[in-house]
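> Below you will find the structure I want to go over with you.
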Amino acid sequence: MCFKMCSCNNNIYTYEKLSEIKDFLKEKIKNEPKIGIICGSGLGSLGNAIADAVSIDYADIPDFPVSTVEGHVGRFIFGHIRGTAVACMQGRFHYYEGYPLSICAMPVRLMKLLGVSYLIASNAAGGLNPKYKVGDIMLQKDHFNIMGLAGLGPHIGPNDSRFGPRFFPMTNAYDESILNKVRQIVKDLKMENKVHEGVYTCVGGPNYETVADVRALISLGVDSVGMSTVHEVIAARQCGIRCFAFSLITNICSTEYGTTTEDHSCSTEVHSEEVLKVGKDMEDELRIFVEEIVEAISQDT
Ligand SMILES: O=P(O)(O)O[C@@H]1C[C@H](O)[C@@H](CO)O1
Ligand SMILES: Nc1nc2[nH]cnc2c(=O)[nH]1
């Protein structure tokens, strides 16, 4: 299948096509997943604690895109976390890979067809809020949809109401009742010193931000910047999935021009190696954090 799409959005992932993919997956999995989990860059190990795991590589799913980025394995893991059936994406699709936002967010619609009613999305992000440190976690209280303001979204083009209404609110995009449960988990796990709440934004990437970009985003009230999640949450809210998302702060975005070192790099530059390393360093702590969240959500009826 050709993944090229024009901006007028002839979405190849129609309801019928996603139903075919759903049927293909359903034959391979034992239980209907209740919670969908999307692992951010370097955070794939969140899926390693899944019991009764059935792994399905994206490459083995008919007509499915593939992950092209380091830190994104490119497979679904279906199974259980603390007794709750989950569908975990070890690898997501990004706009900068050349996929339109409708394809980047398509797996969320697929998860809905599989039975998912809650989404936990994670991302690696740069910290803009001066209080943030590398290794901190930012619970997404909200997002600022820069790409949407520029007319890009997962839902541009003809609307199939089986995926949800044409117009829908985003006022409570991030579910307050899940956030309350997570606030309690943060206290119980004694993580208050490294957990914040803030506003995330997704930019097109794949380059990181200039100093001017960073200063502008800060002035707009944004606390963390990445290259994903927003369009996934939009697709999720359109089809009625309740959402929780968090950023792992993998680097601090620089508001000052750095000094150039002898090898012509810059003292304040961010590199993808450090982004992935911070994810790796945090994997055990984050896995427990996500397990607790799954358990708390599963008590919600
Ligand atoms: O998939 P996420 O949003 O975690 O990935 C972020 C954005 C880029 O893909 C990558 C940059 O290092 O991390
Ligand atoms: N756009 C963006 N994405 C990131 N992902 C991890 N760190 C960053 C960052 O600083 N900027």
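Here's how to read the names in the structure tokens: chain A, B, ... by the order shown, residue numbers from 1 in each chain, ligand numbers from 1 in the order shown.
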With only C-alpha atoms and all ligand atoms counted, collect every polymer residue having an atom within 7 Å of ligand 1; state the result as a PyMOL selection string.

chain A and resi 40-41+92+94+122-125+206+226-229+272+275

> Please write the residues from the selection above to a file, keeping C-alpha atoms, as a JSON list (two decimals), in the first residue's frame.


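In the end it all went to part.json:
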```json
[["chain", "number", "residue", "atom", "x", "y", "z"],
["A", 40, "GLY", "CA", 7.51, 7.25, 23.42],
["A", 41, "SER", "CA", 11.06, 7.38, 22.04],
["A", 92, "ARG", "CA", 4.62, 5.16, 16.96],
["A", 94, "HIS", "CA", 5.73, 10.64, 13.41],
["A", 122, "SER", "CA", 4.04, 8.81, 26.59],
["A", 123, "ASN", "CA", 6.67, 10.88, 24.85],
["A", 124, "ALA", "CA", 10.23, 12.05, 25.12],
["A", 125, "ALA", "CA", 10.25, 15.84, 25.23],
["A", 206, "PRO", "CA", 12.72, 16.24, 13.13],
["A", 226, "GLY", "CA", 8.06, 17.02, 21.38],
["A", 227, "MET", "CA", 6.98, 15.57, 18.05],
["A", 228, "SER", "CA", 3.95, 13.40, 18.79],
["A", 229, "THR", "CA", 0.97, 12.69, 21.06],
["A", 272, "SER", "CA", 19.02, 12.07, 20.01],
["A", 275, "VAL", "CA", 17.15, 11.54, 24.52]]
```

> Give me the residues within 12 Å of A:Lys280 as a PDB file with N, CA and C atoms, in the first residue's frame, counting only C-alpha atoms and dropping any in the same chain fewer than 5 places off.


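Result file is out-v2.pdb:
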```pdb
ATOM      1  N   GLY A  40       6.745   6.200  24.070  1.00  0.00           N
ATOM      2  CA  GLY A  40       7.511   7.252  23.419  1.00  0.00           C
ATOM      3  C   GLY A  40       8.916   6.786  23.064  1.00  0.00           C
ATOM      4  N   SER A  41       9.671   7.699  22.441  1.00  0.00           N
ATOM      5  CA  SER A  41      11.056   7.382  22.038  1.00  0.00           C
ATOM      6  C   SER A  41      11.866   6.890  23.219  1.00  0.00           C
ATOM      7  N   GLY A  42      12.469   5.729  23.068  1.00  0.00           N
ATOM      8  CA  GLY A  42      13.308   5.183  24.122  1.00  0.00           C
ATOM      9  C   GLY A  42      12.526   4.607  25.281  1.00  0.00           C
ATOM     10  N   LEU A  43      11.186   4.628  25.193  1.00  0.00           N
ATOM     11  CA  LEU A  43      10.369   4.177  26.323  1.00  0.00           C
ATOM     12  C   LEU A  43       9.691   2.844  26.042  1.00  0.00           C
ATOM     13  N   GLY A  44      10.184   2.143  25.019  1.00  0.00           N
ATOM     14  CA  GLY A  44       9.564   0.883  24.612  1.00  0.00           C
ATOM     15  C   GLY A  44       9.527  -0.153  25.716  1.00  0.00           C
ATOM     16  N   SER A  45      10.442  -0.025  26.685  1.00  0.00           N
ATOM     17  CA  SER A  45      10.482  -1.040  27.737  1.00  0.00           C
ATOM     18  C   SER A  45       9.240  -0.985  28.620  1.00  0.00           C
ATOM     19  N   LEU A  46       8.424   0.049  28.474  1.00  0.00           N
ATOM     20  CA  LEU A  46       7.152   0.087  29.205  1.00  0.00           C
ATOM     21  C   LEU A  46       6.337  -1.154  28.878  1.00  0.00           C
ATOM     22  N   GLY A  71      14.714   3.768  18.521  1.00  0.00           N
ATOM     23  CA  GLY A  71      13.986   3.959  19.782  1.00  0.00           C
ATOM     24  C   GLY A  71      12.528   3.581  19.664  1.00  0.00           C
ATOM     25  N   ALA A 124       8.983  11.401  24.713  1.00  0.00           N
ATOM     26  CA  ALA A 124      10.228  12.049  25.119  1.00  0.00           C
ATOM     27  C   ALA A 124      10.096  13.512  24.696  1.00  0.00           C
ATOM     28  N   GLY A 135      15.118  14.031  33.276  1.00  0.00           N
ATOM     29  CA  GLY A 135      14.649  12.872  34.053  1.00  0.00           C
ATOM     30  C   GLY A 135      13.343  13.134  34.778  1.00  0.00           C
ATOM     31  N   LEU A 248       8.436  12.461  29.302  1.00  0.00           N
ATOM     32  CA  LEU A 248       9.697  12.300  30.034  1.00  0.00           C
ATOM     33  C   LEU A 248      10.595  13.424  29.536  1.00  0.00           C
ATOM     34  N   THR A 250      13.702  14.735  28.570  1.00  0.00           N
ATOM     35  CA  THR A 250      14.980  14.090  28.229  1.00  0.00           C
ATOM     36  C   THR A 250      16.106  15.103  28.049  1.00  0.00           C
ATOM     37  N   GLU A 273      20.942  10.860  20.948  1.00  0.00           N
ATOM     38  CA  GLU A 273      21.550   9.841  21.822  1.00  0.00           C
ATOM     39  C   GLU A 273      21.182  10.109  23.289  1.00  0.00           C
ATOM     40  N   GLU A 274      21.216  11.398  23.681  1.00  0.00           N
ATOM     41  CA  GLU A 274      20.916  11.681  25.086  1.00  0.00           C
ATOM     42  C   GLU A 274      19.427  11.470  25.364  1.00  0.00           C
ATOM     43  N   VAL A 275      18.591  11.759  24.368  1.00  0.00           N
ATOM     44  CA  VAL A 275      17.145  11.542  24.524  1.00  0.00           C
ATOM     45  C   VAL A 275      16.894  10.058  24.821  1.00  0.00           C
ATOM     46  N   GLU A 285      11.731   2.835  36.602  1.00  0.00           N
ATOM     47  CA  GLU A 285      10.829   3.719  37.343  1.00  0.00           C
ATOM     48  C   GLU A 285       9.538   3.981  36.548  1.00  0.00           C
ATOM     49  N   LEU A 286       9.706   4.210  35.253  1.00  0.00           N
ATOM     50  CA  LEU A 286       8.527   4.517  34.432  1.00  0.00           C
ATOM     51  C   LEU A 286       7.632   3.294  34.251  1.00  0.00           C
ATOM     52  N   ARG A 287       8.253   2.125  34.188  1.00  0.00           N
ATOM     53  CA  ARG A 287       7.426   0.921  34.016  1.00  0.00           C
ATOM     54  C   ARG A 287       6.518   0.733  35.234  1.00  0.00           C
TER      55      ARG A 287
END
```

> Within 8 Å of A:Val134, counting only C-alpha atoms, which residues show up once you throw out same-chain ones fewer than 5 positions away? Write them as a list in words, please.

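Within the cut-off, the hits are Gly127, Ile249, Thr250, Asn251, Ile252 and Val278 of chain A.
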
> Can you tell me which residues surround A:Ser224 at a distance of at most 9 Å, considering only C-alpha atoms, apart from same-chain residues fewer than 5 positions away, and format the answer as an MDAnalysis selection string?

chainID A and resid 125:129 138 198:202 217:218 247 249 253

> For the residues in the current selection, export C-alpha atoms as a PDB file, in the first residue's frame.


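Result file out-v5.pdb:
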```
ATOM      1  CA  ALA A 125      10.245  15.838  25.233  1.00  0.00           C
ATOM      2  CA  GLY A 126      12.410  18.862  25.749  1.00  0.00           C
ATOM      3  CA  GLY A 127      11.831  20.850  28.912  1.00  0.00           C
ATOM      4  CA  LEU A 128      10.851  24.503  28.461  1.00  0.00           C
ATOM      5  CA  ASN A 129       9.675  25.277  31.971  1.00  0.00           C
ATOM      6  CA  MET A 138       5.449  16.119  33.129  1.00  0.00           C
ATOM      7  CA  GLY A 198       2.074  21.238  32.294  1.00  0.00           C
ATOM      8  CA  VAL A 199       1.289  21.966  28.683  1.00  0.00           C
ATOM      9  CA  TYR A 200       2.885  19.946  25.874  1.00  0.00           C
ATOM     10  CA  THR A 201       3.200  20.915  22.259  1.00  0.00           C
ATOM     11  CA  CYS A 202       4.019  18.871  19.175  1.00  0.00           C
ATOM     12  CA  LEU A 217       7.104  28.498  22.916  1.00  0.00           C
ATOM     13  CA  ILE A 218       7.836  29.593  26.489  1.00  0.00           C
ATOM     14  CA  SER A 247       6.359  13.610  28.878  1.00  0.00           C
ATOM     15  CA  ILE A 249      11.923  15.383  30.051  1.00  0.00           C
ATOM     16  CA  CYS A 253      15.734  23.364  25.673  1.00  0.00           C
TER      17      CYS A 253
END
```

> Show me, as a PyMOL selection string, the residues that have an atom within 12 Å of stretch 149-157 of chain A when counting only C-alpha atoms, minus same-chain residues fewer than 4 positions from it.

chain A and resi 5-14+94-95+99-109+144-145+161+163-168+201-204+228-239

> Would you please work out which residue, of A:Ser254, A:Asn193, A:Gln299, A:Ser67, is nearest to ligand 2 when using only C-alpha atoms and all ligand atoms?

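The closest residue to ligand 2 is A:Ser254.
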